[in-house]
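Shown next, in structure tokens, is the structure this report addresses.
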Amino acid sequence: MPSKPSEDYQAHPVRLKHQDFTSLQELPDSFAWTQRSDDDSNYPSTGDSISESVPVIDLSDPNALHLIGHACKTWGVFQVTNHGVPSTLLDNMERITKTLFSLPVQQKLKASRSPESVSGYGVARISSFFPKQMWSEGFTIVGSPVEHFRKLWPEDYSRYCDGIKEYEEEMKRLAGRLMWLTLGSLGITKEDVKWAGPKGDFKEGSAPVQLNHYPACPDPDRAMGLAPHTDSTLLTILYQNNTSGLQVLKEGTGWVTVPPVPGGLVVNLGDLLHILSNGLYPSVLHRAKVNRSRQRLSVAYLFGPPSSVKISPLSKLVGPSQLPLYRPVTWNEYLGTKAKHFNKALSSFRLCTPL
């Protein structure tokens with residue numbers, strides 16, 4: 001993510017009051033969602049009894065590329081195992097996240113995200129598009145977290161900064177691998193994506209890290225942890241603790257829960273990957289529900305292109321019979337449009353309707 005937000009991004013700040021969830025014994029009306037609060041609530045929720053489930057793909061499987069291609073086309077999301085990220089690193093990241101959100105609310109507010117900024121503690125940026133508040137809190141890290149972490153842990157911030165840095169390095173390696181599995185399933189090679197760098201490792205790509213906390217909720221059926229949205233990324237790699245809550249929308253099926261898989265990571269395709277694939281792979285609409293007795297933690301690695309690169313349908317995927325569906329756009333421009341138009345942002349870059 002560009003370190004300096006676009007003017008459109010800054011022009012649409014989030015100005016919601018931070019909530020101390022520990023003090024609430026009942027669900028306030030401002031957090032009570034109805035069907036009209038959630039434009040996508042008319043889709044059925046499959047619950048846990050449905051036989052259809054998000055694909056879980058073993059990256060050591062020789063057939064992984066084909067399996068990922070099928071998952072991308074039919075779901076826009078999949079889970080991966082045997083991905084090479086040490087379990088100790090995932091455990092440490094969960095500990096950091098839990099420790100941060102366990103701090104007193106006044107301590108967390110010392111590292112608040114300013115209304116026009118990207119980094120720091122606060123509510124989800126999409127909150128301003130909905131009439132009700134979401135039962136969650138977040139912390140966004142762009143670049144080094146040292147400035148904010150000093151305010152949270154004045155005596156011990158370096159240990160937490162080192163943990164974040166190690167996690168980012170491992171996620172960037174995995175993101176490059178997943179990008180080539182995803183693009184390779186479309187027949188794309190390193191020669192087709194010059195901005196992947198001379199080694200084709202996407203080293204110049206950038207990614208914020210988003211820490212999320214969904215506290216236990218007194219009335220989870222009427223609350224929403226995170227409202228339905230698509231990600232403004234190429235792909236998002238999500239670690240979730242052992243509490244369910246993530247749901248994805250599958251066309252013709254409804255909302256499907258993505259249960260935590262031990263050692264697994266969830267991979268969501270974002271809007272920019274949808275553009276890059278010329279509409280062949282969907283960016284998945286997803287949301288987070290909450291739990292009555294257990295808190296849920298997640299860590300999202302939001303992988304995108306270098307800030308100077310214009311993302312457009314790959315030339316190998318367009319031709320006389322398949323025109324480009326979207327015009328070129330930088331990540332910064334797209335984020336500004338998303339901050340202004342939310343889930344209508346993608347359609348605003350469309351050039352033509354697919355046949």
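We name chains A, B, ... following the order of the structure tokens; residues begin at 1 in each chain, and ligands are numbered from 1 as shown.
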
Give me, as a PDB file with C-alpha atoms, in the first residue's frame, all polymer residues having an atom no more than 7 Å from stretch 105-109 of chain A, counting only C-alpha atoms and skipping those fewer than 4 positions away in the same chain.
```
ATOM      1  CA  ASP A  20     -14.683  -0.150  25.051  1.00  0.00           C
ATOM      2  CA  TYR A 121      -5.489   1.694  15.943  1.00  0.00           C
ATOM      3  CA  LEU A 152       1.801   1.066  23.365  1.00  0.00           C
TER       4      LEU A 152
END
```

Fewer than 3 positions away in the same chain doesn't count, so skip those; otherwise give me all residues within 7 Å of A:Tyr326, counting only C-alpha atoms, as an MDAnalysis selection string.
chainID A and resid 275 312:313 349:351

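Each of A:Ala32, A:Ile68, A:Ala339, A:Cys352 was compared to A:Pro131 using only C-alpha atoms, and A:Ala32 turns out to be the nearest.
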
Would you list, as a PyMOL selection string, the residues of stretch 22-264 of chain A that end up in helix (DSSP H, G or I) under DSSP run on this structure's backbone?
chain A and resi 22-23+29-31+35-37+64-74+87-101+105-111+125-129+146-152+157-184+190-192+194-196+220-222

Long-range neighbours of A:Gly200 as an mmCIF file with N, CA, C and O atoms, in the first residue's frame, 10 Å cut-off, only C-alpha atoms, 3 positions minimum in chain:
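Contents of the output file out-v1.cif:
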```
data_model
loop_
_atom_site.group_PDB
_atom_site.id
_atom_site.type_symbol
_atom_site.label_atom_id
_atom_site.label_comp_id
_atom_site.auth_asym_id
_atom_site.auth_seq_id
_atom_site.Cartn_x
_atom_site.Cartn_y
_atom_site.Cartn_z
ATOM 1 N N GLY A 176 4.543 -14.065 -3.071
ATOM 2 C CA GLY A 176 5.133 -14.246 -4.398
ATOM 3 C C GLY A 176 4.859 -15.633 -4.948
ATOM 4 O O GLY A 176 4.525 -15.804 -6.134
ATOM 5 N N ARG A 177 4.973 -16.633 -4.099
ATOM 6 C CA ARG A 177 4.699 -18.014 -4.512
ATOM 7 C C ARG A 177 3.237 -18.183 -4.912
ATOM 8 O O ARG A 177 2.913 -18.794 -5.944
ATOM 9 N N TRP A 180 2.330 -16.613 -8.323
ATOM 10 C CA TRP A 180 2.680 -17.400 -9.511
ATOM 11 C C TRP A 180 1.832 -18.642 -9.662
ATOM 12 O O TRP A 180 1.534 -19.067 -10.782
ATOM 13 N N THR A 189 3.269 -16.347 -17.563
ATOM 14 C CA THR A 189 4.656 -16.616 -17.196
ATOM 15 C C THR A 189 5.331 -15.325 -16.740
ATOM 16 O O THR A 189 4.745 -14.232 -16.834
ATOM 17 N N LYS A 190 6.580 -15.449 -16.268
ATOM 18 C CA LYS A 190 7.303 -14.274 -15.756
ATOM 19 C C LYS A 190 7.531 -13.224 -16.840
ATOM 20 O O LYS A 190 7.636 -12.029 -16.540
ATOM 21 N N GLU A 191 7.589 -13.655 -18.077
ATOM 22 C CA GLU A 191 7.764 -12.695 -19.174
ATOM 23 C C GLU A 191 6.529 -11.811 -19.357
ATOM 24 O O GLU A 191 6.615 -10.728 -19.945
ATOM 25 N N VAL A 193 4.701 -10.525 -16.881
ATOM 26 C CA VAL A 193 4.490 -9.592 -15.757
ATOM 27 C C VAL A 193 5.829 -8.940 -15.424
ATOM 28 O O VAL A 193 6.541 -9.351 -14.510
ATOM 29 N N LYS A 194 6.174 -7.892 -16.163
ATOM 30 C CA LYS A 194 7.481 -7.251 -16.014
ATOM 31 C C LYS A 194 7.667 -6.666 -14.626
ATOM 32 O O LYS A 194 8.768 -6.659 -14.076
ATOM 33 N N TRP A 195 6.573 -6.156 -14.022
ATOM 34 C CA TRP A 195 6.715 -5.503 -12.725
ATOM 35 C C TRP A 195 6.921 -6.498 -11.577
ATOM 36 O O TRP A 195 7.107 -6.092 -10.425
ATOM 37 N N ALA A 196 6.940 -7.790 -11.896
ATOM 38 C CA ALA A 196 7.268 -8.777 -10.866
ATOM 39 C C ALA A 196 8.752 -8.726 -10.505
ATOM 40 O O ALA A 196 9.169 -9.330 -9.516
ATOM 41 N N GLY A 197 9.549 -7.989 -11.305
ATOM 42 C CA GLY A 197 10.970 -7.836 -11.022
ATOM 43 C C GLY A 197 11.819 -8.802 -11.814
ATOM 44 O O GLY A 197 11.315 -9.786 -12.374
ATOM 45 N N LYS A 203 9.262 -8.654 -5.452
ATOM 46 C CA LYS A 203 9.938 -8.064 -4.304
ATOM 47 C C LYS A 203 9.511 -6.632 -4.047
ATOM 48 O O LYS A 203 9.528 -6.151 -2.908
#
```

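Nearest to A:Ile126 of all the residues A:Leu24, A:Leu226, A:Val256, A:Leu249 is A:Leu226, based on only C-alpha atoms.
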
In terms of only C-alpha atoms, the residue from A:Glu137, A:Asp231, A:Glu333, A:Glu169 at minimal distance from A:Ser308 is A:Glu333

Please, which residues in stretch 261-293 of chain A fall within 10 Å of stretch 211-214 of chain A when counting only C-alpha atoms, and what is the closest atom pair and distance in Å to one decimal for each, ordered by chain then residue number, as a Markdown table?
```
| residue | atom | partner | partner_atom | distance |
| --- | --- | --- | --- | --- |
| A:Ala288 | CA | A:Tyr214 | CA | 8.5 |
| A:Lys289 | CA | A:Tyr214 | CA | 8.4 |
| A:Val290 | CA | A:Tyr214 | CA | 6.4 |
| A:Asn291 | CA | A:Tyr214 | CA | 8.2 |
```

Restrict the selected residues to N, CA, C and O atoms and save them as a PDB file, in the first residue's frame.
```pdb
ATOM      1  N   ALA A 288     -17.305 -10.907   8.469  1.00  0.00           N
ATOM      2  CA  ALA A 288     -16.937 -11.592   9.712  1.00  0.00           C
ATOM      3  C   ALA A 288     -18.093 -11.508  10.696  1.00  0.00           C
ATOM      4  O   ALA A 288     -18.613 -10.427  10.961  1.00  0.00           O
ATOM      5  N   LYS A 289     -18.502 -12.657  11.191  1.00  0.00           N
ATOM      6  CA  LYS A 289     -19.513 -12.734  12.245  1.00  0.00           C
ATOM      7  C   LYS A 289     -18.818 -12.874  13.598  1.00  0.00           C
ATOM      8  O   LYS A 289     -17.617 -13.133  13.663  1.00  0.00           O
ATOM      9  N   VAL A 290     -19.577 -12.714  14.682  1.00  0.00           N
ATOM     10  CA  VAL A 290     -18.979 -12.742  16.015  1.00  0.00           C
ATOM     11  C   VAL A 290     -19.558 -13.878  16.853  1.00  0.00           C
ATOM     12  O   VAL A 290     -20.537 -14.520  16.474  1.00  0.00           O
ATOM     13  N   ASN A 291     -18.934 -14.112  18.004  1.00  0.00           N
ATOM     14  CA  ASN A 291     -19.234 -15.269  18.848  1.00  0.00           C
ATOM     15  C   ASN A 291     -19.693 -14.802  20.234  1.00  0.00           C
ATOM     16  O   ASN A 291     -19.195 -13.799  20.740  1.00  0.00           O
TER      17      ASN A 291
END
```

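Atom to atom, atom CA of A:Tyr239 and atom CA of A:Asn82 stand 13.8 Å apart.
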
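Within stretch 256-303 of chain A, residues classed as strand (DSSP E) by DSSP on backbone coordinates are Val256, Thr257, Leu265, Val266, Val267, Asn268, Leu269, His286, Arg287, Ala288, Arg296, Leu297, Ser298, Val299, Ala300, Tyr301, Leu302 and Phe303 of chain A.
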
Just the residues within 12 Å of A:Pro306, please, counting only C-alpha atoms, with nothing from its chain fewer than 6 positions along; format it as a PyMOL selection string.
chain A and resi 1-3+194-197+202-207+233-234+329-332

Go ahead and write the selection's residues with N, CA, C and O atoms as a short mmCIF file (atom, residue, chain, number, x, y, z; two decimals), in the first residue's frame.
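Result written to part-v1.cif:
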```
data_model
loop_
_atom_site.label_atom_id
_atom_site.label_comp_id
_atom_site.auth_asym_id
_atom_site.auth_seq_id
_atom_site.Cartn_x
_atom_site.Cartn_y
_atom_site.Cartn_z
N MET A 1 0.85 -1.18 0.00
CA MET A 1 0.00 0.00 0.00
C MET A 1 0.89 1.24 0.00
O MET A 1 1.87 1.29 0.73
N PRO A 2 0.56 2.23 -0.84
CA PRO A 2 1.35 3.45 -0.85
C PRO A 2 1.41 4.06 0.54
O PRO A 2 0.41 4.08 1.27
N SER A 3 2.59 4.59 0.93
CA SER A 3 2.73 5.16 2.26
C SER A 3 1.98 6.47 2.40
O SER A 3 1.57 6.86 3.49
N LYS A 194 6.17 -7.89 -16.16
CA LYS A 194 7.48 -7.25 -16.01
C LYS A 194 7.67 -6.67 -14.63
O LYS A 194 8.77 -6.66 -14.08
N TRP A 195 6.57 -6.16 -14.02
CA TRP A 195 6.71 -5.50 -12.72
C TRP A 195 6.92 -6.50 -11.58
O TRP A 195 7.11 -6.09 -10.42
N ALA A 196 6.94 -7.79 -11.90
CA ALA A 196 7.27 -8.78 -10.87
C ALA A 196 8.75 -8.73 -10.51
O ALA A 196 9.17 -9.33 -9.52
N GLY A 197 9.55 -7.99 -11.31
CA GLY A 197 10.97 -7.84 -11.02
C GLY A 197 11.82 -8.80 -11.81
O GLY A 197 11.31 -9.79 -12.37
N PHE A 202 8.26 -10.57 -7.16
CA PHE A 202 7.35 -9.53 -6.66
C PHE A 202 7.94 -8.79 -5.46
O PHE A 202 7.22 -8.35 -4.57
N LYS A 203 9.26 -8.65 -5.45
CA LYS A 203 9.94 -8.06 -4.30
C LYS A 203 9.51 -6.63 -4.05
O LYS A 203 9.53 -6.15 -2.91
N GLU A 204 9.12 -5.92 -5.13
CA GLU A 204 8.74 -4.51 -4.97
C GLU A 204 7.26 -4.35 -4.58
O GLU A 204 6.78 -3.24 -4.40
N GLY A 205 6.55 -5.47 -4.48
CA GLY A 205 5.17 -5.38 -4.02
C GLY A 205 5.12 -4.88 -2.58
O GLY A 205 6.11 -4.95 -1.86
N SER A 206 3.99 -4.36 -2.18
CA SER A 206 3.88 -3.83 -0.82
C SER A 206 2.62 -4.39 -0.16
O SER A 206 1.70 -4.83 -0.83
N ALA A 207 2.63 -4.36 1.17
CA ALA A 207 1.48 -4.94 1.88
C ALA A 207 1.37 -4.40 3.29
O ALA A 207 2.30 -4.55 4.09
N THR A 233 -6.96 -5.52 -3.01
CA THR A 233 -5.61 -6.06 -3.12
C THR A 233 -5.46 -6.91 -4.38
O THR A 233 -6.41 -7.10 -5.14
N LEU A 234 -4.24 -7.44 -4.57
CA LEU A 234 -4.06 -8.55 -5.51
C LEU A 234 -4.55 -9.82 -4.82
O LEU A 234 -5.44 -10.49 -5.29
N VAL A 329 -5.16 1.04 -13.73
CA VAL A 329 -5.32 1.80 -12.49
C VAL A 329 -4.17 1.46 -11.54
O VAL A 329 -3.75 0.31 -11.46
N THR A 330 -3.64 2.48 -10.86
CA THR A 330 -2.65 2.22 -9.82
C THR A 330 -3.37 1.82 -8.54
O THR A 330 -4.57 2.10 -8.37
N TRP A 331 -2.63 1.21 -7.64
CA TRP A 331 -3.23 0.82 -6.36
C TRP A 331 -3.71 2.05 -5.58
O TRP A 331 -4.79 2.05 -5.00
N ASN A 332 -2.91 3.11 -5.62
CA ASN A 332 -3.27 4.33 -4.90
C ASN A 332 -4.59 4.91 -5.43
O ASN A 332 -5.47 5.31 -4.66
#
```

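Atom CA of A:Ser158 to atom CA of A:Val146 spans 7.4 Å [interatomic distance, one decimal].
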